[in-house]
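Asks: To start, I am sharing the structure in question, which I have written as structure tokens.
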Amino acid sequence: MANIKQARNKKSLIKKEHPTLKLMYKHRMLLSMLIPVILYFFIFKYGPMYGIIMAFKDYYPVKGLAASEWVGLKHFDTLFNGLYFMPVLKNTILISLYGMFWGFPAPIILAIILNEIRNKKFKKITQTISYLPHFLSWVIVAGVFIEFLSPSRGFVNFIITSLGFEPIYFVTEPAWFRTILVGTSVWKGIGWGSIIYLAAISGIDPQLYEVAEIDGASRLRKIWNITIPAIVPVIVIMLIFSSGKIIDDNFQQIYNFLNPRVLRVGDVIETYTYEQGLKNMQYSYATAVGLFKNVISFSMVLITNYIAKRTTEYALW
Amino acid sequence: MLYKRSKDDLLVDLFCYLFLIILSITIIIPFMQVITISFSPTHVINSYGLKLFPTEITLEGYKKVFSDELIWSGYMNTIFVTVVGTILNVLFSVLGAYPLSKRYLPYRNMWTGLIVFTMYFSGGLIPSYMLVKNLGMLNSLTALILPGLISAYNMIIMRNYFMSLPESLEESARIDGAHDYTILFKIILPLSKPIIATVSLWYGVHHWNSWFHSMIYIQDRDKQVLQYVLRLILSEGQVDEVGETLAEAAAVNSETMKMAALVVATLPIICVYPFIQKYFVKGVMVGSLKG
């Protein structure tokens, strides 16, 4: 009896005095769905964030994270004054910037070009082909290109030697390495990236084109004055998204192409973190490197978003 | 359509068609070479000449690949991880996306914020590795599934889709006495087939193609996934191209095998690709509506 009374009291307490609790009680089922999800994010996403303190400690696996000694900024000191980090940072930034410079506009151009094609069948076939590389892993893409660019068997070198030039050792030649990275990432991403711009273009009111037609606008003029302005919001959003990746180099890609001969120009923060952390077991140092990279990427997104908000009306938040 | 074809009109057309033809060729040709090499006997590979169409056919490479046990175990592991992983991915993404799509969910913005934040900031490689290690998941296929259980991005896209469904459906079900789980599984999900299909495919292809976690979390060779096995085969006995004269015959013979392995690992995705492509495209469109 007493129990029931107590329970009733509790219920009425929830109902009357705590509007939020009441709301939570009302939506308990909805909230119960969220429990595993929140748990997942706390364990697997926020858990590693706790592990970041490793960067400020001298981590010894035997002692465990909590008992390891605090060393302050020691690892960041080694990072900035070390021999290896600056070249790695430079590679990272250069590869990302080249990648952005060629890789960002490429899908936009492809989308505009596809939009100009009036032959439906041709458009569909080329679109289908252009999306294909997106579905292949970097292991496959690297495997295909290393073969394709091979000095003795590759198609590219067949043409070069047929024209009477010396074969080029593309994949092991430092001067070519970054070009290959940028080229293959454009190759892999151009079709897939164009979809979102095509979606934006398909939302344009066809009347706009008709009116321009009557005014005697040429096709280039229509592209310049109708198509491009219409997709600017999407371009801005995509630019913010990719800004976070300026330093977030594509590990999957680079790791599959990397070989000792091109380490000098191809070693980037993520390959370096992997090498130092998991192979050389410099856990704390590698965590510091990773943290440095993360902070920069995160700030890049914030800054770009801020600028976008100020200069255009489009922003992520 | 009435078009007055002016000179620059033709020029635009010419440029566009040419661009697309060249793009398509650059995508197809590398694969033609890989397929040709995978079918070619050693002396053809060694000879000088164009290698885009097989002149002589041998199945040696494929025989070697299919007698490799790692390929089989890799296939099995990849299929397991892809199937089980994708089912769990979709289930948990739905469980997150549905409540977050409800405006009246208590602390909705806080939950969403916490999840979106993980898209931009993470603990990094080493802390993630340590976590998996401390949870005792090293060297087990669960390490390839659990840490990536939910992709925040896919979940947000799902949430946006749920938000676009009419609210009256839910209200009428509620009047009939249905609770949230019934509403979600009996009413919302059947209406969400397009987005479920797309997100499943995204997760599926992601699992099929991933190799990095297999490389760092798994030690036993027979527990590795296909892509990593392929990586092992491709890098195995990698003769430095510069000094290729050494043991050329053996090296090139293994070249046939490597290319055969490449084809074997690529084939499944090339086969299903034409059928799944349109769902993928639809998904990007759905996601972009409320990007």
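Identifiers in this document derive from the order of the structure tokens: chains are assigned A, B, ..., residues are numbered from 1 separately in each chain, and ligands are numbered from 1 in order of occurrence.
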Compile the contact shell of segment 180-196 of chain B as a PDB file with N, CA and C atoms, in the first residue's frame: residues with an atom at most 9 Å away, counting only C-alpha atoms, same-chain residues fewer than 4 positions apart removed.
Replies:
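Saved as result-v7.pdb:
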ATOM      1  N   HIS A  27       7.884  11.513 -23.091  1.00  0.00           N
ATOM      2  CA  HIS A  27       8.572  11.021 -24.287  1.00  0.00           C
ATOM      3  C   HIS A  27       9.592   9.952 -23.956  1.00  0.00           C
ATOM      4  N   MET A  29       9.670   6.867 -24.338  1.00  0.00           N
ATOM      5  CA  MET A  29       9.952   5.859 -25.361  1.00  0.00           C
ATOM      6  C   MET A  29      10.876   6.403 -26.443  1.00  0.00           C
ATOM      7  N   LEU A  30      10.590   7.635 -26.800  1.00  0.00           N
ATOM      8  CA  LEU A  30      11.437   8.289 -27.789  1.00  0.00           C
ATOM      9  C   LEU A  30      12.861   8.391 -27.253  1.00  0.00           C
ATOM     10  N   MET A  33      14.904   5.210 -27.318  1.00  0.00           N
ATOM     11  CA  MET A  33      15.542   4.870 -28.597  1.00  0.00           C
ATOM     12  C   MET A  33      16.924   5.500 -28.677  1.00  0.00           C
TER      13      MET A  33
ATOM     14  N   VAL B  90      22.405   0.506 -40.011  1.00  0.00           N
ATOM     15  CA  VAL B  90      21.115   1.094 -40.382  1.00  0.00           C
ATOM     16  C   VAL B  90      20.181   1.111 -39.178  1.00  0.00           C
ATOM     17  N   VAL B  94      18.746   4.544 -37.571  1.00  0.00           N
ATOM     18  CA  VAL B  94      17.311   4.833 -37.504  1.00  0.00           C
ATOM     19  C   VAL B  94      16.927   5.196 -36.080  1.00  0.00           C
ATOM     20  N   LEU B  95      17.450   4.424 -35.116  1.00  0.00           N
ATOM     21  CA  LEU B  95      17.122   4.687 -33.716  1.00  0.00           C
ATOM     22  C   LEU B  95      17.567   6.080 -33.293  1.00  0.00           C
ATOM     23  N   TYR B  98      15.322   8.953 -35.813  1.00  0.00           N
ATOM     24  CA  TYR B  98      13.898   9.190 -35.599  1.00  0.00           C
ATOM     25  C   TYR B  98      13.626  10.133 -34.424  1.00  0.00           C
ATOM     26  N   ILE B 157      21.291  12.847 -42.400  1.00  0.00           N
ATOM     27  CA  ILE B 157      20.541  12.782 -43.652  1.00  0.00           C
ATOM     28  C   ILE B 157      19.229  12.035 -43.460  1.00  0.00           C
ATOM     29  N   MET B 158      19.284  10.947 -42.688  1.00  0.00           N
ATOM     30  CA  MET B 158      18.080  10.200 -42.372  1.00  0.00           C
ATOM     31  C   MET B 158      17.104  11.054 -41.579  1.00  0.00           C
ATOM     32  N   TYR B 161      15.281  13.368 -43.700  1.00  0.00           N
ATOM     33  CA  TYR B 161      14.236  12.707 -44.466  1.00  0.00           C
ATOM     34  C   TYR B 161      12.997  12.489 -43.599  1.00  0.00           C
ATOM     35  N   PHE B 162      13.209  11.990 -42.376  1.00  0.00           N
ATOM     36  CA  PHE B 162      12.079  11.773 -41.468  1.00  0.00           C
ATOM     37  C   PHE B 162      11.322  13.072 -41.229  1.00  0.00           C
ATOM     38  N   LEU B 165       8.580  13.975 -43.697  1.00  0.00           N
ATOM     39  CA  LEU B 165       7.327  13.200 -43.750  1.00  0.00           C
ATOM     40  C   LEU B 165       6.223  13.970 -43.024  1.00  0.00           C
ATOM     41  N   LEU B 169       0.433  11.791 -40.132  1.00  0.00           N
ATOM     42  CA  LEU B 169       0.500  10.329 -40.092  1.00  0.00           C
ATOM     43  C   LEU B 169       0.716   9.840 -38.677  1.00  0.00           C
ATOM     44  N   GLU B 170       1.690  10.467 -38.052  1.00  0.00           N
ATOM     45  CA  GLU B 170       2.060  10.068 -36.707  1.00  0.00           C
ATOM     46  C   GLU B 170       0.913  10.372 -35.736  1.00  0.00           C
ATOM     47  N   ALA B 173      -1.892   7.885 -35.938  1.00  0.00           N
ATOM     48  CA  ALA B 173      -1.489   6.612 -35.338  1.00  0.00           C
ATOM     49  C   ALA B 173      -1.533   6.709 -33.821  1.00  0.00           C
ATOM     50  N   ARG B 174      -1.138   7.857 -33.319  1.00  0.00           N
ATOM     51  CA  ARG B 174      -1.115   8.047 -31.874  1.00  0.00           C
ATOM     52  C   ARG B 174      -2.533   8.007 -31.303  1.00  0.00           C
ATOM     53  N   SER B 200      21.779   2.335 -46.510  1.00  0.00           N
ATOM     54  CA  SER B 200      22.338   0.977 -46.425  1.00  0.00           C
ATOM     55  C   SER B 200      23.444   0.805 -47.453  1.00  0.00           C
ATOM     56  N   LEU B 201      23.194   1.316 -48.648  1.00  0.00           N
ATOM     57  CA  LEU B 201      24.202   1.179 -49.691  1.00  0.00           C
ATOM     58  C   LEU B 201      25.472   1.947 -49.332  1.00  0.00           C
ATOM     59  N   TYR B 279      20.123   4.527 -56.810  1.00  0.00           N
ATOM     60  CA  TYR B 279      19.730   4.780 -55.423  1.00  0.00           C
ATOM     61  C   TYR B 279      20.711   5.730 -54.750  1.00  0.00           C
ATOM     62  N   LYS B 282      20.027   9.214 -55.954  1.00  0.00           N
ATOM     63  CA  LYS B 282      18.833   9.721 -55.293  1.00  0.00           C
ATOM     64  C   LYS B 282      19.163  10.175 -53.867  1.00  0.00           C
ATOM     65  N   GLY B 283      19.978   9.360 -53.207  1.00  0.00           N
ATOM     66  CA  GLY B 283      20.321   9.671 -51.824  1.00  0.00           C
ATOM     67  C   GLY B 283      21.042  10.988 -51.680  1.00  0.00           C
ATOM     68  N   VAL B 286      18.499  13.646 -52.027  1.00  0.00           N
ATOM     69  CA  VAL B 286      17.702  13.786 -50.810  1.00  0.00           C
ATOM     70  C   VAL B 286      18.495  14.543 -49.761  1.00  0.00           C
TER      71      VAL B 286
END
Asks: Write out as a ChimeraX atom specification every residue belonging to chain A that has an atom at most 6 Å from any atom of chain B, counting only C-alpha atoms.
Replies: /A:30,33-34,37,44,48-49,51-52,113,137,148,199,287,290,298
Asks: Per DSSP on the backbone, what are the alpha helix (DSSP H) residues of segment 24-183 of chain A, as an MDAnalysis selection string?
Replies: chainID A and resid 24:26 28:40 47:50 74:81 85:103 105:116 120:131 138:148 155:162 174:183
Asks: Mind checking which residues fall within 12 Å of Pro105 of chain A, counting only C-alpha atoms, ignoring those fewer than 5 positions away in the same chain, and posting them as a list in words?
Replies: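 What passes the distance filter is Tyr98, Gly99, Met100, Leu110, Ala111, Ile112, Val186, Gly189, Ile190, Gly191, Gly193, Ser194, Tyr197, Ile228, Ile235, Val236, Met238, Leu239 and Ser242 of chain A.
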Asks: So which one's closest to His75 of chain A, A:Met24, A:Ile246, A:Leu89, A:Met54? Using only C-alpha atoms, please.
Replies: A:Met54
Asks: Just the number, please: distance in Å from atom CA of Ile307 of chain A to atom CA of Ala200 of chain A, one decimal.
Replies: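 Distance reported for this atom pair: 22.4 Å.
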Asks: Between atom CA of Lys245 of chain A and atom CA of Leu291 of chain A, what is the spacing in Å?
Replies: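 Taking atom CA of Leu291 of chain A and atom CA of Lys245 of chain A, their separation equals 14.5 Å.
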Asks: Give me the residues within 12 Å of Ala175 of chain A as a list in words, counting only C-alpha atoms and dropping any in the same chain fewer than 2 places off.
Replies: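 Residues meeting the cut-off are Ile168, Tyr169, Phe170, Val171, Thr172, Glu173, Phe177, Arg178, Thr179, Ile180, Leu181, Arg261, Val262, Leu263, Arg264, Val265 and Gly266 of chain A.
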Asks: May I have the residues from that selection written out with C-alpha atoms, as a PDB file, in the first residue's frame?
Replies:
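The resulting part_4.pdb:
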ATOM      1  CA  ILE A 168      58.943   8.125 -66.704  1.00  0.00           C
ATOM      2  CA  TYR A 169      58.981   6.282 -63.365  1.00  0.00           C
ATOM      3  CA  PHE A 170      55.840   8.105 -62.278  1.00  0.00           C
ATOM      4  CA  VAL A 171      55.096   6.402 -59.002  1.00  0.00           C
ATOM      5  CA  THR A 172      58.630   6.417 -57.644  1.00  0.00           C
ATOM      6  CA  GLU A 173      59.574   9.843 -58.960  1.00  0.00           C
ATOM      7  CA  PHE A 177      54.167  12.107 -56.838  1.00  0.00           C
ATOM      8  CA  ARG A 178      51.911  15.003 -55.884  1.00  0.00           C
ATOM      9  CA  THR A 179      50.620  15.306 -59.422  1.00  0.00           C
ATOM     10  CA  ILE A 180      49.633  11.660 -59.290  1.00  0.00           C
ATOM     11  CA  LEU A 181      47.861  12.161 -55.962  1.00  0.00           C
ATOM     12  CA  ARG A 261      61.417   6.884 -52.764  1.00  0.00           C
ATOM     13  CA  VAL A 262      58.747   9.529 -52.452  1.00  0.00           C
ATOM     14  CA  LEU A 263      58.545   9.772 -48.675  1.00  0.00           C
ATOM     15  CA  ARG A 264      60.262  13.154 -48.836  1.00  0.00           C
ATOM     16  CA  VAL A 265      57.369  14.717 -50.767  1.00  0.00           C
ATOM     17  CA  GLY A 266      54.541  12.410 -49.806  1.00  0.00           C
TER      18      GLY A 266
END
Asks: Measure the distance from atom CA of Thr273 of chain A to atom CA of Tyr59 of chain A in Å and round it to one decimal.
Replies: 15.6 Å
Asks: Find the residues near Ile71 of chain B: any atom within 8 Å, counting only C-alpha atoms, skip ones fewer than 3 places away on the same chain, and give them as a list in words.
Replies: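 My reading of the contact set: Val65, Phe66, Asp68, Gly74, Tyr75, Leu226, Val229 and Leu230 of chain B.
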Asks: Pull N, CA, C and O atoms from the residues just selected and write them as a compact mmCIF listing (two decimals), in the first residue's frame.
Replies:
# COMPACT_ATOMS: atom_id res chain seq x y z
N VAL B 65 45.31 -17.04 -57.92
CA VAL B 65 44.52 -16.23 -56.97
C VAL B 65 43.51 -17.09 -56.24
O VAL B 65 43.39 -17.03 -55.02
N PHE B 66 42.81 -17.94 -57.01
CA PHE B 66 41.76 -18.72 -56.36
C PHE B 66 42.31 -19.84 -55.49
O PHE B 66 41.60 -20.40 -54.67
N ASP B 68 44.68 -19.20 -53.50
CA ASP B 68 45.19 -18.47 -52.33
C ASP B 68 44.10 -18.48 -51.25
O ASP B 68 43.01 -17.93 -51.45
N GLY B 74 39.38 -13.73 -46.90
CA GLY B 74 39.13 -12.29 -47.03
C GLY B 74 37.73 -12.02 -47.53
O GLY B 74 37.01 -11.17 -47.00
N TYR B 75 37.33 -12.79 -48.53
CA TYR B 75 35.97 -12.65 -49.07
C TYR B 75 34.93 -12.90 -47.98
O TYR B 75 34.00 -12.13 -47.79
N LEU B 226 38.95 -8.55 -47.40
CA LEU B 226 39.41 -8.69 -48.79
C LEU B 226 40.33 -7.56 -49.25
O LEU B 226 41.38 -7.81 -49.85
N VAL B 229 43.72 -7.95 -47.85
CA VAL B 229 44.39 -9.09 -48.49
C VAL B 229 44.91 -8.65 -49.86
O VAL B 229 46.05 -8.94 -50.23
N LEU B 230 44.08 -7.92 -50.57
CA LEU B 230 44.50 -7.42 -51.88
C LEU B 230 45.73 -6.53 -51.74
O LEU B 230 46.69 -6.63 -52.51
Asks: When you count only C-alpha atoms, which of these residues is closest to Leu141 of chain B: B:Ile57, B:Leu14, B:Met76, B:Ala178?
Replies: B:Met76
